[in-house]
Amino acid sequence: MKVKFSLLIILFMTQILFAQNKLPIIKAHSKMVDIKDDNNLRKNYWTIAPELNPDVYTTSAKRVTFYTDVDSISFSINLKENYDFIILLNEKDSAKTRIVYEPSKLEVLRKAKEYNYSDNRFIPKFTYQSQDDPNLVRVRKKLNLDSVAGKGRELSQIFNLMHWVHNLIKHDGNSNNPTLKNAIDLIKVCKAEKRGVNCRMLATILNECYLSMGIKSRFVTCMPRETKFDDCHVINMVYSKDLNKWIWIDPTFDAYVMDDKGNLLGIQEVRERLIKEQPLVLNADANRNSEELEPKEFYLEYYMAKNLYRLQCPLVSEYDTETWNEGKGVTYVELLPLDGIEQTPQKKEVANKETGVNFIYYKTNNPDLFWTKPE
């Protein structure tokens with residue numbers, strides 16, 4: 001019986017190897033692979049992983065090419081099919097690889113264009129802490145923000161403050177958030193520990209700088225459609241009195257967005273223009289940690305297209321919003337489209353037993369309520 005069982009195992013393994021050998025094979029000596037999606041070539045974008053079976057690459061491109069250091073393979077992609085092949089690493093390790101089509105981030109966003117402007121479910125008014133608040137006065141003086149902002153017009157001050165925060169603190173998306181989350185303490189920790197912070201902390205710092213100068217602003221969490229996700233992005237919405245509108249300000253990438261005529265745009269305008277495929281212009285010096293320029297195609301059409309599906313911000317824009325003290329209460333408001341996954345409950349209250357903080361969450365489908373101008 002043992003002999004027969006061993007023969008069955010050998011026969012089974014032989015069949016698997018035969019099936020795999022029918023798949024296309026490319027060779028590689030290095031684990032790093034370049035991938036070209038349509039005309040977009042990304043160097044060292046993929047790592048060969050023989051332990052995964054299969055290792056899945058998702059794409060929204062019509063044609064995909066894998067380039068190893070010695071070989072390549074291309075596929076014309078049909079959205080209803082998967083494409084399997086084998087990368088043979090160093091003539092011994094077989095990595096079964098699969099290409100799977102998924103809609104682009106822009107395609108997903110375009111399905112989220114519908115809002116309900118008649119949604120009148122109650123949401124409290126957004127408020128902004130006065131620049132005369134003692135904590136904000138301390139931020140202004142301690143950080144010497146009058147000098148940083150300069151004596152120019154409002155927009156000049158807005159951009160000077162953004163550039164200053166961007167250049168002062170490095171972005172580190174993998175860093176742990178400090179306990180004290182206000183502009184003074186965050187900057188202090190970063191200098192003392194020679195470290196960076198994530199996009200949320202950068203937007204928090206900049207938000208308090210604006211408030212201390214009497215400029216109304218909020219930090220906005222930009223999220224994908226999924227309710228569970230590994231990545232989102234946080235930027236600032238800043239109200240320009242001179243322009244009588246909100247504008248997009250991103251301290252992580254030192255970025256702002258315009259239309260093709262050079263008019264500054266707000267977050268909602270950028271979202272609408274992405275959906276309608278209208279021209280968008282990213283400032284030419286937008287960059288990542290002052291090391292490399294940020295391409296508009298990636299930043300707007302992929303990264304932010306993914307993260308502009310749902311938007312959330314605190315109801316009260318103030319100093320030290322997310323330092324968790326016992327007995328504190330924080331309220332957030334989320335704007336989501338009618339295509340959103342979780343539409344209810346419209347109001348949710350949660351008490352965090354570890355921090356002692358009470359949270360209230362509101363949802364709305366009405367952009368007019370979310371983007372209301374400051375009084």
# chains A, B, ... in the order shown; residues from 1 in each chain; ligands from 1
call {"tool": "residues_around", "arguments": {"residues": "Tyr45 in chain A", "least_positions_apart": "6", "cutoff": "7 Å", "atoms": "only C-alpha atoms", "output": "list of chain:residue names"}}
result
A:Val33, A:Asp34, A:Ile35
call {"tool": "write_last_selection", "arguments": {"atoms": "C-alpha atoms", "output": "PDB file, in the first residue's frame"}}
result
ATOM      1  CA  VAL A  33      11.276  43.476 -11.825  1.00  0.00           C
ATOM      2  CA  ASP A  34      10.249  46.522 -13.877  1.00  0.00           C
ATOM      3  CA  ILE A  35       6.596  46.724 -14.905  1.00  0.00           C
TER       4      ILE A  35
END
call {"tool": "residues_around", "arguments": {"residues": "Thr204 in chain A", "least_positions_apart": "6", "cutoff": "12 Å", "atoms": "only C-alpha atoms", "output": "number ranges by chain"}}
result
A: 162, 165, 177, 180-187, 197-198, 210-211, 217-221, 234-237, 250-252, 313-314, 317-323
call {"tool": "closest_residue", "arguments": {"among": "A:Ser76, A:Leu155, A:Lys188, A:Ser94", "to": "Lys142 in chain A", "atoms": "only C-alpha atoms"}}
result
A:Lys188
call {"tool": "select_by_dssp", "arguments": {"residues": "range 81-322 of chain A", "states": "strand (DSSP E or B)", "output": "number ranges by chain"}}
result
A: 82-89, 93-101, 127-128, 171, 197, 217-223, 233-240, 245-250, 255, 257-258, 264, 281-282, 287-288, 292-293, 310-314, 316-317
call {"tool": "residues_around", "arguments": {"residues": "Cys199 in chain A", "least_positions_apart": "3", "cutoff": "7 Å", "atoms": "only C-alpha atoms", "output": "list in words"}}
result
His171, Gly173, Leu202, Ala203, His233, Val234 and Thr252 of chain A
call {"tool": "closest_residue", "arguments": {"among": "A:Leu79, A:Val257, A:Val330, A:Ala49", "to": "Lys62 in chain A", "atoms": "only C-alpha atoms"}}
result
A:Leu79
call {"tool": "residues_around", "arguments": {"residues": "Pro295 in chain A", "least_positions_apart": "3", "cutoff": "9 Å", "atoms": "only C-alpha atoms", "output": "ChimeraX atom specification"}}
result
/A:282,284,286-287,298-300
call {"tool": "atom_distance", "arguments": {"atom1": "CA of Ile158 in chain A", "atom2": "CA of Pro374 in chain A"}}
result
16.6 Å
call {"tool": "atom_distance", "arguments": {"atom1": "CA of Ile169 in chain A", "atom2": "CA of Gly196 in chain A"}}
result
5.8 Å
call {"tool": "residues_around", "arguments": {"residues": "Met213 in chain A", "least_positions_apart": "2", "cutoff": "10 Å", "atoms": "only C-alpha atoms", "output": "ChimeraX atom specification"}}
result
/A:130-132,136-137,139-140,145-146,149,157-158,161,208-211,215-216
call {"tool": "write_last_selection", "arguments": {"atoms": "N, CA and C atoms", "output": "tab-separated table (two decimals), in the first residue's frame"}}
result
chain	number	residue	atom	x	y	z
A	130	SER	N	-10.62	80.80	17.62
A	130	SER	CA	-10.15	82.16	17.39
A	130	SER	C	-8.63	82.24	17.53
A	131	GLN	N	-8.01	83.08	16.72
A	131	GLN	CA	-6.57	83.26	16.81
A	131	GLN	C	-6.16	83.89	18.13
A	132	ASP	N	-7.13	84.45	18.88
A	132	ASP	CA	-6.85	85.04	20.18
A	132	ASP	C	-6.81	84.01	21.31
A	136	LEU	N	-3.26	79.24	20.69
A	136	LEU	CA	-2.89	79.64	19.34
A	136	LEU	C	-1.96	80.85	19.35
A	137	VAL	N	-2.15	81.74	20.32
A	137	VAL	CA	-1.22	82.86	20.47
A	137	VAL	C	0.19	82.33	20.75
A	139	VAL	N	1.34	79.36	19.85
A	139	VAL	CA	1.85	78.76	18.60
A	139	VAL	C	2.45	79.84	17.71
A	140	ARG	N	1.72	80.93	17.57
A	140	ARG	CA	2.18	82.02	16.68
A	140	ARG	C	3.51	82.61	17.15
A	145	LEU	N	5.71	82.75	13.65
A	145	LEU	CA	4.95	82.60	12.40
A	145	LEU	C	4.73	83.91	11.65
A	146	ASP	N	4.79	85.05	12.33
A	146	ASP	CA	4.68	86.32	11.62
A	146	ASP	C	5.82	86.46	10.62
A	149	ALA	N	5.29	83.65	7.77
A	149	ALA	CA	4.24	83.98	6.81
A	149	ALA	C	4.60	85.18	5.96
A	157	GLN	N	0.98	84.38	2.24
A	157	GLN	CA	1.13	83.86	3.59
A	157	GLN	C	0.72	82.39	3.66
A	158	ILE	N	-0.36	82.04	2.98
A	158	ILE	CA	-0.83	80.64	2.97
A	158	ILE	C	0.24	79.73	2.40
A	161	LEU	N	3.54	79.46	4.65
A	161	LEU	CA	3.37	78.56	5.79
A	161	LEU	C	3.41	77.09	5.36
A	208	GLU	N	-2.90	74.27	12.68
A	208	GLU	CA	-2.77	75.15	13.83
A	208	GLU	C	-2.00	76.43	13.48
A	209	CYS	N	-1.05	76.32	12.55
A	209	CYS	CA	-0.34	77.52	12.09
A	209	CYS	C	-1.31	78.48	11.41
A	210	TYR	N	-2.17	77.95	10.55
A	210	TYR	CA	-3.16	78.80	9.87
A	210	TYR	C	-4.11	79.43	10.88
A	211	LEU	N	-4.65	78.63	11.79
A	211	LEU	CA	-5.60	79.16	12.77
A	211	LEU	C	-4.96	80.27	13.61
A	215	ILE	N	-6.34	82.46	9.81
A	215	ILE	CA	-6.75	81.87	8.53
A	215	ILE	C	-7.57	80.63	8.83
A	216	LYS	N	-8.80	80.59	8.39
A	216	LYS	CA	-9.68	79.45	8.66
A	216	LYS	C	-9.23	78.24	7.85
call {"tool": "closest_residue", "arguments": {"among": "A:Val350, A:Met258, A:Val238, A:Leu315", "to": "Val333 in chain A", "atoms": "only C-alpha atoms"}}
result
A:Leu315
